[in-house]
$ cat protein.cif   # mmCIF, C-alpha atoms
data_target
#
loop_
_atom_site.label_atom_id
_atom_site.label_comp_id
_atom_site.auth_asym_id
_atom_site.auth_seq_id
_atom_site.Cartn_x
_atom_site.Cartn_y
_atom_site.Cartn_z
CA MET A 934 -55.49 -85.93 3.59
CA THR A 935 -53.74 -82.83 4.81
CA GLU A 936 -55.56 -81.27 7.70
CA SER A 937 -53.63 -78.03 7.75
CA LYS A 938 -55.04 -76.57 4.57
CA GLU A 939 -57.50 -73.71 4.68
CA LEU A 940 -61.10 -74.67 4.12
CA GLN A 941 -62.75 -72.91 1.22
CA ALA A 942 -66.35 -71.86 1.31
CA ARG A 943 -68.44 -73.86 -1.09
CA GLU A 944 -71.88 -73.36 -2.37
CA LYS A 945 -74.34 -75.99 -1.12
CA GLN A 946 -75.32 -78.21 -4.03
CA GLU A 947 -78.97 -77.98 -4.82
CA VAL A 948 -80.63 -80.88 -6.62
CA ALA A 949 -83.59 -81.12 -8.85
CA ALA A 950 -86.26 -83.23 -7.18
CA PRO A 951 -86.53 -86.73 -8.64
CA ALA A 952 -90.29 -86.39 -8.52
CA GLU A 953 -92.43 -83.45 -7.70
CA HIS A 954 -92.77 -82.94 -3.97
CA THR A 955 -95.94 -81.94 -2.28
CA LYS A 956 -94.08 -80.01 0.39
CA PRO A 957 -92.26 -76.97 -0.96
CA GLY A 958 -88.66 -76.38 -0.03
CA LEU A 959 -85.14 -76.69 -1.25
CA ILE A 960 -83.31 -79.99 -1.58
CA PHE A 961 -79.56 -80.32 -1.27
CA THR A 962 -77.04 -83.03 -2.01
CA PRO A 963 -74.98 -83.97 1.02
CA ALA A 964 -71.21 -84.24 0.49
CA VAL A 965 -70.14 -87.87 0.90
CA ASP A 966 -67.07 -90.02 1.30
CA ILE A 967 -67.44 -93.59 0.14
CA PHE A 968 -64.79 -96.19 0.63
CA GLU A 969 -64.61 -99.90 0.30
CA THR A 970 -62.67 -102.58 2.07
CA GLU A 971 -62.80 -106.31 1.44
CA ALA A 972 -65.60 -106.78 3.92
CA GLN A 973 -67.70 -103.67 3.64
CA ILE A 974 -68.58 -100.38 2.03
CA THR A 975 -68.64 -97.34 4.28
CA LEU A 976 -70.45 -94.14 3.47
CA LEU A 977 -69.99 -90.88 5.34
CA ALA A 978 -72.35 -88.02 4.63
CA ASP A 979 -72.42 -84.46 5.94
CA MET A 980 -76.00 -83.68 6.87
CA PRO A 981 -75.93 -80.79 9.33
CA GLY A 982 -79.21 -80.15 11.12
CA VAL A 983 -80.61 -83.63 10.60
CA THR A 984 -81.57 -85.57 13.72
CA PRO A 985 -81.79 -89.38 13.79
CA GLU A 986 -85.61 -89.27 13.80
CA LYS A 987 -85.68 -87.23 10.61
CA LEU A 988 -83.22 -89.35 8.69
CA ASN A 989 -84.45 -92.02 6.37
CA ILE A 990 -82.22 -94.66 4.83
CA ASP A 991 -83.76 -96.97 2.31
CA LEU A 992 -82.14 -99.84 0.50
CA ARG A 993 -84.27 -101.43 -2.15
CA ASP A 994 -82.84 -103.74 -4.77
CA ASP A 995 -79.58 -102.02 -5.60
CA THR A 996 -80.67 -98.50 -4.82
CA LEU A 997 -79.67 -96.78 -1.62
CA THR A 998 -81.66 -93.65 -0.86
CA LEU A 999 -80.77 -91.14 1.83
CA THR A 1000 -83.31 -88.51 2.82
CA GLY A 1001 -82.90 -86.10 5.69
CA ASP A 1002 -85.43 -83.58 6.87
CA ILE A 1003 -84.61 -80.68 9.10
CA ASP A 1004 -86.64 -78.76 11.61
CA PRO A 1005 -86.77 -75.02 11.20
CA PHE A 1006 -84.48 -73.68 13.89
CA GLU A 1007 -85.06 -69.96 13.62
CA GLY A 1008 -87.30 -68.14 16.01
CA LEU A 1009 -90.49 -66.69 14.57
CA ASP A 1010 -89.68 -63.04 15.10
CA GLU A 1011 -86.13 -63.24 13.76
CA GLN A 1012 -85.30 -61.12 10.77
CA ASP A 1013 -82.63 -61.88 8.22
CA VAL A 1014 -79.60 -59.64 8.23
CA LEU A 1015 -77.11 -61.62 6.21
CA ILE A 1016 -77.96 -64.92 4.56
CA GLU A 1017 -75.15 -66.93 3.03
CA TYR A 1018 -76.64 -70.38 2.97
CA GLU A 1019 -80.08 -71.83 2.61
CA VAL A 1020 -81.46 -74.69 4.60
CA GLY A 1021 -83.46 -77.53 3.21
CA LYS A 1022 -83.81 -81.24 2.94
CA TYR A 1023 -81.07 -83.59 1.91
CA PHE A 1024 -81.49 -86.19 -0.74
CA ARG A 1025 -79.06 -88.53 -2.44
CA GLN A 1026 -79.36 -91.82 -4.21
CA PHE A 1027 -76.75 -94.43 -5.04
CA THR A 1028 -76.76 -97.61 -7.04
CA LEU A 1029 -74.74 -100.26 -5.30
CA SER A 1030 -72.73 -102.63 -7.39
CA GLU A 1031 -72.12 -105.13 -4.60
CA VAL A 1032 -74.59 -107.35 -2.87
CA ILE A 1033 -75.16 -105.99 0.63
CA ASP A 1034 -76.03 -107.99 3.69
CA GLN A 1035 -79.16 -106.06 4.64
CA GLU A 1036 -79.35 -107.58 8.12
CA LYS A 1037 -76.01 -106.16 9.17
CA ILE A 1038 -76.29 -102.59 7.95
CA GLU A 1039 -75.31 -100.11 10.62
CA ALA A 1040 -76.05 -96.42 10.65
CA ASN A 1041 -74.85 -93.84 13.10
CA LEU A 1042 -75.58 -90.13 13.03
CA SER A 1043 -73.57 -87.82 15.23
CA ASP A 1044 -72.69 -84.12 14.97
CA GLY A 1045 -74.52 -83.98 11.66
CA VAL A 1046 -72.41 -86.70 10.05
CA LEU A 1047 -73.95 -89.98 8.99
CA ARG A 1048 -71.79 -93.06 9.03
CA LEU A 1049 -73.33 -95.96 7.18
CA THR A 1050 -71.68 -99.36 7.15
CA LEU A 1051 -72.81 -101.73 4.45
CA PRO A 1052 -71.29 -105.19 4.92
CA LYS A 1053 -70.95 -107.26 1.77
CA VAL A 1054 -72.64 -110.62 1.54
CA GLU A 1055 -70.26 -113.49 2.22
CA LYS A 1056 -70.25 -114.79 -1.30
CA ALA A 1057 -69.41 -111.38 -2.72
CA LYS A 1058 -66.29 -111.15 -0.63
CA PRO A 1059 -63.21 -112.00 -2.66
CA ARG A 1060 -61.65 -115.23 -1.56
CA LYS A 1061 -58.03 -115.85 -2.02
CA ILE A 1062 -57.46 -119.19 -3.63
CA THR A 1063 -54.27 -120.84 -2.72
CA ILE A 1064 -52.79 -123.05 -5.32
CA SER A 1065 -50.93 -125.97 -3.95
CA ALA A 1066 -48.17 -127.35 -6.02
CA ALA A 1067 -48.92 -130.85 -7.20
CA MET M 142 -89.10 -56.07 3.82
CA LEU M 143 -86.03 -54.03 4.50
CA ILE M 144 -82.90 -56.11 4.40
CA ARG M 145 -79.74 -54.80 5.92
CA ARG M 146 -76.56 -56.33 4.63
CA ILE M 147 -73.18 -56.16 6.19
CA PHE M 148 -69.98 -56.38 4.28
CA ASN M 149 -66.80 -57.41 5.90
CA ASN M 150 -63.77 -55.61 4.66
CA PRO M 151 -63.30 -57.35 1.29
CA ALA M 152 -59.57 -56.74 1.04
CA LEU M 153 -58.97 -58.51 4.34
CA TYR M 154 -61.21 -61.53 4.20
CA ARG M 155 -61.69 -62.37 0.56
CA ASN M 156 -59.26 -63.46 -2.05
CA PRO M 157 -59.66 -62.00 -5.54
CA PHE M 158 -60.72 -65.28 -7.10
CA ASN M 159 -63.53 -65.73 -4.65
CA GLU M 160 -64.52 -62.17 -5.31
CA LEU M 161 -64.80 -62.87 -9.04
CA GLU M 162 -66.77 -66.01 -8.35
CA ARG M 163 -69.09 -64.07 -6.09
CA MET M 164 -69.65 -61.45 -8.78
CA ARG M 165 -70.44 -64.15 -11.31
CA ARG M 166 -72.90 -65.76 -8.90
CA GLN M 167 -74.59 -62.47 -8.27
CA MET M 168 -74.93 -61.86 -12.01
CA ASP M 169 -76.43 -65.32 -12.36
CA MET M 170 -78.74 -64.62 -9.50
CA LEU M 171 -79.90 -61.35 -11.01
CA ALA M 172 -80.49 -63.04 -14.33
CA GLY M 173 -82.27 -65.90 -12.59
CA ASN M 174 -84.46 -63.54 -10.63
CA LEU M 175 -85.56 -61.80 -13.79
CA PHE M 176 -86.87 -64.99 -15.26
CA THR M 177 -87.96 -67.07 -12.32
CA GLY M 178 -88.72 -64.36 -9.81
CA SER M 179 -87.08 -66.37 -7.05
CA PRO M 180 -87.88 -64.61 -3.78
CA GLN M 181 -84.89 -65.68 -1.68
CA GLN M 182 -81.58 -64.08 -2.39
CA THR M 183 -78.37 -65.16 -0.80
CA VAL M 184 -74.88 -63.73 -0.81
CA ALA M 185 -72.42 -66.37 -1.92
CA PRO M 186 -70.07 -67.05 0.97
CA GLY M 187 -66.52 -65.85 0.53
CA VAL M 188 -64.95 -67.38 3.61
CA TYR M 189 -65.63 -70.71 5.32
CA PRO M 190 -67.93 -71.23 7.12
CA ALA M 191 -70.98 -69.74 5.46
CA LEU M 192 -72.96 -67.87 8.09
CA ASN M 193 -76.52 -66.78 8.49
CA LEU M 194 -77.05 -63.74 10.66
CA THR M 195 -80.49 -62.91 11.95
CA GLU M 196 -81.75 -60.58 14.61
CA ASP M 197 -84.71 -59.97 16.82
CA LYS M 198 -85.37 -57.11 19.24
CA ASP M 199 -82.72 -58.04 21.79
CA LYS M 200 -80.32 -60.41 20.10
CA TYR M 201 -78.34 -61.36 17.07
CA TYR M 202 -78.11 -64.99 16.03
CA ILE M 203 -75.26 -66.38 13.98
CA ARG M 204 -75.69 -69.87 12.56
CA ALA M 205 -73.26 -71.99 10.61
CA GLU M 206 -73.30 -75.53 9.31
CA LEU M 207 -70.27 -77.31 10.70
CA PRO M 208 -70.87 -81.05 10.35
CA GLY M 209 -68.49 -83.29 12.25
CA LEU M 210 -67.15 -80.61 14.54
CA LYS M 211 -66.97 -81.06 18.29
CA ASN M 212 -67.00 -78.32 20.90
CA GLU M 213 -63.26 -78.55 21.39
CA ASP M 214 -62.56 -78.04 17.68
CA LEU M 215 -64.01 -74.54 17.81
CA ASP M 216 -62.76 -71.26 19.16
CA ILE M 217 -65.21 -68.38 19.37
CA GLN M 218 -64.32 -64.92 20.60
CA ALA M 219 -66.33 -61.77 20.97
CA THR M 220 -64.78 -58.31 20.87
CA GLY M 221 -66.65 -55.01 20.82
CA LYS M 222 -68.65 -55.32 17.64
CA SER M 223 -67.32 -58.46 16.10
CA ILE M 224 -67.31 -62.22 16.55
CA SER M 225 -64.42 -64.38 15.50
CA ILE M 226 -64.95 -68.04 14.71
CA SER M 227 -62.02 -70.31 14.06
CA GLY M 228 -61.41 -73.98 14.24
CA GLN M 229 -60.41 -77.10 12.48
CA LYS M 230 -62.52 -79.69 10.78
CA LYS M 231 -60.95 -83.10 11.21
CA ILE M 232 -61.62 -86.23 9.27
CA PRO M 233 -59.94 -89.13 11.06
CA PRO M 234 -58.03 -91.50 8.77
CA GLU M 235 -59.77 -94.74 7.90
CA ASP M 236 -58.55 -98.24 7.21
CA ASP M 237 -55.33 -98.24 5.19
CA ASN M 238 -56.70 -100.80 2.77
CA ALA M 239 -59.78 -98.75 2.01
CA LYS M 240 -60.34 -97.84 -1.61
CA TYR M 241 -62.05 -94.50 -2.00
CA HIS M 242 -64.86 -94.14 -4.52
CA ARG M 243 -65.91 -90.66 -3.49
CA ARG M 244 -64.12 -88.06 -1.47
CA GLU M 245 -66.17 -84.91 -1.29
CA ARG M 246 -65.91 -84.03 2.38
CA GLU M 247 -63.06 -81.76 3.24
CA ALA M 248 -60.95 -81.25 6.29
CA GLY M 249 -58.97 -78.19 7.16
CA LYS M 250 -58.61 -75.07 9.23
CA PHE M 251 -60.81 -72.06 9.07
CA SER M 252 -61.07 -68.64 10.60
CA ARG M 253 -63.60 -65.95 10.07
CA ILE M 254 -64.46 -62.63 11.64
CA ILE M 255 -67.88 -61.11 11.25
CA ASP M 256 -68.71 -57.53 12.12
CA LEU M 257 -72.11 -56.87 13.60
CA PRO M 258 -74.07 -53.72 12.81
CA ASP M 259 -74.38 -52.66 16.45
CA ASN M 260 -72.51 -52.95 19.69
CA ILE M 261 -72.96 -56.20 21.55
CA ASP M 262 -72.84 -57.40 25.11
CA THR M 263 -69.66 -59.48 24.86
CA GLU M 264 -70.08 -60.89 28.40
CA LYS M 265 -73.32 -62.67 27.55
CA VAL M 266 -72.54 -64.25 24.20
CA GLU M 267 -73.52 -67.91 24.15
CA ALA M 268 -72.72 -70.64 21.66
CA GLY M 269 -74.12 -74.10 21.16
CA LEU M 270 -73.40 -76.91 18.76
CA ALA M 271 -76.17 -79.38 17.93
CA SER M 272 -76.28 -81.93 15.08
CA GLY M 273 -73.55 -80.07 13.23
CA ILE M 274 -75.13 -76.65 13.50
CA LEU M 275 -73.44 -73.91 15.45
CA THR M 276 -75.68 -71.25 16.95
CA ILE M 277 -74.20 -68.17 18.56
CA THR M 278 -76.61 -66.01 20.52
CA ILE M 279 -75.40 -62.46 20.91
CA PRO M 280 -77.31 -60.01 23.10
CA LYS M 281 -77.28 -56.47 21.79
CA ALA M 282 -75.73 -53.82 24.03
CA GLU M 283 -78.28 -52.08 26.28
CA ALA M 284 -77.73 -48.76 24.52
CA VAL M 285 -78.79 -50.04 21.09
CA LYS M 286 -81.86 -52.02 22.17
CA PRO M 287 -85.09 -50.39 21.13
CA LYS M 288 -86.89 -48.86 24.11
CA GLN M 289 -90.61 -49.11 24.39
CA ILE M 290 -92.01 -45.66 25.05
CA THR M 291 -95.35 -45.62 26.78
CA ILE M 292 -97.73 -42.89 25.80
CA ARG M 293 -99.33 -41.21 28.75
#

$ encode --input "protein.cif" --output "structure tokens"
Amino acid sequence: MTESKELQAREKQEVAAPAEHTKPGLIFTPAVDIFETEAQITLLADMPGVTPEKLNIDLRDDTLTLTGDIDPFEGLDEQDVLIEYEVGKYFRQFTLSEVIDQEKIEANLSDGVLRLTLPKVEKAKPRKITISAA
Amino acid sequence: MLIRRIFNNPALYRNPFNELERMRRQMDMLAGNLFTGSPQQTVAPGVYPALNLTEDKDKYYIRAELPGLKNEDLDIQATGKSISISGQKKIPPEDDNAKYHRREREAGKFSRIIDLPDNIDTEKVEAGLASGILTITIPKAEAVKPKQITIR
């Protein structure tokens, strides 16, 4: 990936709630990178404003759900002058095709970026079979 | 509520394609407002990063979502009436054997200048970065702060 290119402003992606929420507010889809190696799947998600206490990662059956809540960070007597982005919760769901070793999942949230490591179960790892000549 | 909007010089900071996109968004927003009556209205950002500017009696606050940035990746300067924010978002390379399924996060350089409506105290501008959110606190210049007049 070239790092010298100019970043373009992008609209935050709003999502329709999967079910009706009792708390009002906007919900956004975090941008993610997902990559796979032989041993694990790694997921990186941009979730600015989310602190570790407010982040919820849930893996049930094959469905991975990420939810991030944010605290309001504006002072009470602040008035809007120019508003270019909205703040709200983050929500994204994935269906995993591989069997994940739930015990060894690691999650790390720093500078608003979540790094989730999902190690594959031993038997799902491809094994190279060497054929010996008879 | 009275909303003041500031426009940066469009010829300098926006490219024509973004400008068209912004116009389209605003049309959509107008149309949307007619039907849904959505109360919040935002200006689509033209230049990265999208900023929110708020004010109270003594200060302006600029906030931007910059996930993954560290203090040293950012350069913030205050001059007279404007704040310049530039930096580089880095995404370190991963394992060479990794197969990407999604690649939505972007890396790159950015630079933006925002003009404030009033003069500011450039000596006392403070900036902080927490969980990917940049907050710049900008005290207004003494001359433009509202003065409480006591009635005798």

$ residues_near_point --input "protein.cif" --point "(-74.2, -52.8, 26.9)" --cutoff "10 Å" --atoms "all atoms listed in the file" --output "list in words"
Gly221, Asn260, Ile261, Asp262, Thr263, Glu264, Lys265, Pro280, Lys281, Ala282, Glu283, Ala284, Val285 and Lys286 of chain M

$ write_last_selection --input "protein.cif" --atoms "C-alpha atoms" --output "PDB file, in the coordinates of the input"
ATOM      1  CA  GLY M 221     -66.650 -55.010  20.820  1.00  0.00           C
ATOM      2  CA  ASN M 260     -72.510 -52.950  19.690  1.00  0.00           C
ATOM      3  CA  ILE M 261     -72.960 -56.200  21.550  1.00  0.00           C
ATOM      4  CA  ASP M 262     -72.840 -57.400  25.110  1.00  0.00           C
ATOM      5  CA  THR M 263     -69.660 -59.480  24.860  1.00  0.00           C
ATOM      6  CA  GLU M 264     -70.080 -60.890  28.400  1.00  0.00           C
ATOM      7  CA  LYS M 265     -73.320 -62.670  27.550  1.00  0.00           C
ATOM      8  CA  PRO M 280     -77.310 -60.010  23.100  1.00  0.00           C
ATOM      9  CA  LYS M 281     -77.280 -56.470  21.790  1.00  0.00           C
ATOM     10  CA  ALA M 282     -75.730 -53.820  24.030  1.00  0.00           C
ATOM     11  CA  GLU M 283     -78.280 -52.080  26.280  1.00  0.00           C
ATOM     12  CA  ALA M 284     -77.730 -48.760  24.520  1.00  0.00           C
ATOM     13  CA  VAL M 285     -78.790 -50.040  21.090  1.00  0.00           C
ATOM     14  CA  LYS M 286     -81.860 -52.020  22.170  1.00  0.00           C
TER      15      LYS M 286
END

$ interface_residues --input "protein.cif" --of "chain A" --to "chain M" --cutoff "7 Å" --atoms "all atoms listed in the file" --output "number ranges by chain"
A: 936-942, 964-970, 979-984, 1010-1018, 1043-1046

$ resolve_selection --input "protein.cif" --expression "the PyMOL selection byres ((chain A and resi 1019-1031) around 6)" --output "PyMOL selection string"
chain A and resi 959-962+995-1002+1018+1032

$ atom_distance --input "protein.cif" --atom1 "CA of Lys987 in chain A" --atom2 "CA of Gly228 in chain M"
27.9 Å

$ atom_distance --input "protein.cif" --atom1 "CA of Arg1048 in chain A" --atom2 "CA of Glu1036 in chain A"
16.4 Å

$ atom_distance --input "protein.cif" --atom1 "CA of Leu988 in chain A" --atom2 "CA of Asp1004 in chain A"
11.5 Å

$ resolve_selection --input "protein.cif" --expression "the PyMOL selection byres ((chain M and resi 215) around 7)" --output "PDB file with C-alpha atoms, keeping the file's coordinate frame"
ATOM      1  CA  ASN M 212     -67.000 -78.320  20.900  1.00  0.00           C
ATOM      2  CA  GLU M 213     -63.260 -78.550  21.390  1.00  0.00           C
ATOM      3  CA  ASP M 214     -62.560 -78.040  17.680  1.00  0.00           C
ATOM      4  CA  ASP M 216     -62.760 -71.260  19.160  1.00  0.00           C
ATOM      5  CA  ILE M 217     -65.210 -68.380  19.370  1.00  0.00           C
ATOM      6  CA  SER M 227     -62.020 -70.310  14.060  1.00  0.00           C
ATOM      7  CA  GLY M 228     -61.410 -73.980  14.240  1.00  0.00           C
ATOM      8  CA  GLN M 229     -60.410 -77.100  12.480  1.00  0.00           C
TER       9      GLN M 229
END
